[in-house]
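What follows is a set of notes on a single structure, which appears directly below.
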Amino acid sequence: MDEDIAWALNVRLSADGTPGLREDDDRIVFRGRLSLTEDGQAVLNMGGSVILLDLADPPPAEGVDGAWVEVRVASNHVSVWPCEV
């Protein structure tokens with residue numbers, strides 16, 4: 001995933017508590033559990049697959065660590081080795 005993550009712009013809380021991956025128009029939507037590390041990093045756990053997220057700005061101080069979220073990124077900013085999605 002080659003796109004910075006900005007809360008309320010391309011990442012939001014999800015009411016659905018199951019991992020998911022889908023296409024929505026020109027966006028790829030990742031749904032998983034968000035974890036914040038002590039050093040200010042964010043990690044999305046999608047049912048055993050882990051994606052390190054690049055944050056454009058800090059997430060809200062409360063209520064997001066361990067929460068289910070959806071991350072929406074442009075499809076041309078997503079690649080899966082050894083092919084592009």
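All residue names refer to the structure tokens as shown: chains lettered A, B, ... in order, residues numbered from 1 in each chain, ligands numbered from 1 in order.
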Can you tell me which residues surround Asp4 (chain A) at a distance of at most 6 Å, considering only C-alpha atoms, apart from same-chain residues fewer than 6 positions away, and format the answer as a compact mmCIF listing (two decimals) with all heavy atoms, in the first residue's frame?
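As written to disk, result.txt reads:
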```
# COMPACT_ATOMS: atom_id res chain seq x y z
N ASP A 54 1.48 3.90 6.61
CA ASP A 54 2.17 5.18 6.70
C ASP A 54 1.14 6.24 7.06
O ASP A 54 0.17 6.45 6.33
CB ASP A 54 2.82 5.54 5.37
CG ASP A 54 3.98 4.63 5.02
OD1 ASP A 54 4.70 4.23 5.94
OD2 ASP A 54 4.16 4.32 3.83
N LEU A 55 1.33 6.90 8.20
CA LEU A 55 0.36 7.87 8.69
C LEU A 55 0.70 9.28 8.21
O LEU A 55 1.82 9.74 8.37
CB LEU A 55 0.32 7.85 10.22
CG LEU A 55 -0.09 6.53 10.87
CD1 LEU A 55 0.01 6.64 12.38
CD2 LEU A 55 -1.49 6.14 10.45
N ALA A 56 -0.30 9.97 7.63
CA ALA A 56 -0.12 11.36 7.23
C ALA A 56 -0.20 12.27 8.45
O ALA A 56 0.45 13.31 8.50
CB ALA A 56 -1.18 11.76 6.21
```
(Q) Write out as a VMD selection string the set of residues from chain A that DSSP, computed on the backbone, places in strand (DSSP E or B). (A) chain A and resid 5 7 11 to 13 20 to 24 27 to 36 42 to 46 49 to 53 55 68 to 74 79 to 80 83 to 84
Can I get the selected residues back with C-alpha atoms, as a PDB file, in the first residue's frame?
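Saved file part_22.pdb follows:
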```pdb
ATOM      1  CA  ILE A   5      -3.271   7.176   5.802  1.00  0.00           C
ATOM      2  CA  TRP A   7      -8.029   9.639   9.657  1.00  0.00           C
ATOM      3  CA  VAL A  11      -9.623   5.501   7.121  1.00  0.00           C
ATOM      4  CA  ARG A  12     -12.748   5.201   9.265  1.00  0.00           C
ATOM      5  CA  LEU A  13     -14.161   3.024  12.024  1.00  0.00           C
ATOM      6  CA  GLY A  20     -12.139  -8.004   4.401  1.00  0.00           C
ATOM      7  CA  LEU A  21     -10.715  -6.888   1.082  1.00  0.00           C
ATOM      8  CA  ARG A  22     -12.834  -5.548  -1.760  1.00  0.00           C
ATOM      9  CA  GLU A  23     -12.867  -3.150  -4.682  1.00  0.00           C
ATOM     10  CA  ASP A  24     -15.134  -0.096  -4.610  1.00  0.00           C
ATOM     11  CA  ARG A  27     -10.509   2.263  -4.485  1.00  0.00           C
ATOM     12  CA  ILE A  28      -9.357  -0.882  -2.725  1.00  0.00           C
ATOM     13  CA  VAL A  29     -10.960  -1.270   0.710  1.00  0.00           C
ATOM     14  CA  PHE A  30      -9.059  -3.097   3.443  1.00  0.00           C
ATOM     15  CA  ARG A  31     -10.972  -3.949   6.621  1.00  0.00           C
ATOM     16  CA  GLY A  32      -9.104  -5.076   9.706  1.00  0.00           C
ATOM     17  CA  ARG A  33      -8.170  -4.366  13.289  1.00  0.00           C
ATOM     18  CA  LEU A  34      -5.971  -1.311  13.809  1.00  0.00           C
ATOM     19  CA  SER A  35      -3.085  -1.449  16.276  1.00  0.00           C
ATOM     20  CA  LEU A  36      -1.009   1.545  17.307  1.00  0.00           C
ATOM     21  CA  ALA A  42      -0.024   1.928  12.824  1.00  0.00           C
ATOM     22  CA  VAL A  43      -0.572  -1.679  11.801  1.00  0.00           C
ATOM     23  CA  LEU A  44      -3.649  -3.180  10.135  1.00  0.00           C
ATOM     24  CA  ASN A  45      -4.268  -6.846  11.004  1.00  0.00           C
ATOM     25  CA  MET A  46      -6.437  -8.548   8.412  1.00  0.00           C
ATOM     26  CA  SER A  49      -2.004 -10.706   7.407  1.00  0.00           C
ATOM     27  CA  VAL A  50      -0.346  -7.567   8.737  1.00  0.00           C
ATOM     28  CA  ILE A  51       0.074  -4.299   6.830  1.00  0.00           C
ATOM     29  CA  LEU A  52       2.246  -1.470   8.151  1.00  0.00           C
ATOM     30  CA  LEU A  53       0.508   1.849   7.457  1.00  0.00           C
ATOM     31  CA  LEU A  55       0.358   7.874   8.691  1.00  0.00           C
ATOM     32  CA  TRP A  68     -12.026  -2.344  13.417  1.00  0.00           C
ATOM     33  CA  VAL A  69     -11.426   0.090  10.562  1.00  0.00           C
ATOM     34  CA  GLU A  70     -11.750   0.365   6.807  1.00  0.00           C
ATOM     35  CA  VAL A  71      -8.851   1.823   4.858  1.00  0.00           C
ATOM     36  CA  ARG A  72      -9.644   3.027   1.321  1.00  0.00           C
ATOM     37  CA  VAL A  73      -6.761   3.633  -1.069  1.00  0.00           C
ATOM     38  CA  ALA A  74      -6.513   4.262  -4.798  1.00  0.00           C
ATOM     39  CA  SER A  79       0.404  -3.891  -5.202  1.00  0.00           C
ATOM     40  CA  VAL A  80       0.656  -7.518  -4.269  1.00  0.00           C
ATOM     41  CA  CYS A  83       1.653  -8.825  -9.399  1.00  0.00           C
ATOM     42  CA  GLU A  84      -0.166  -5.486  -9.281  1.00  0.00           C
TER      43      GLU A  84
END
```
Q: Tell me, in Å to one decimal, how far CA of Gly66 (chain A) is from CA of Gly40 (chain A).
A: 14.2 Å
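Using only C-alpha atoms, the nearest neighbour of Ala15 (chain A) within the list A:Ala67, A:Pro60, A:His77, A:Glu3 is A:Ala67.
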Q: Mind giving me the straight-line distance from CA of Asp26 (chain A) to CA of Pro59 (chain A) in Å, one decimal?
A: 24.4 Å
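Here CA of Gly17 (chain A) is placed at a distance of 25.8 Å from CA of Asp39 (chain A).
Restricting the calculation to only C-alpha atoms, the smallest distance between Val64 (chain A) and any of A:Gly47, A:Thr18, A:Ala8, A:Asn76 is found for A:Ala8.
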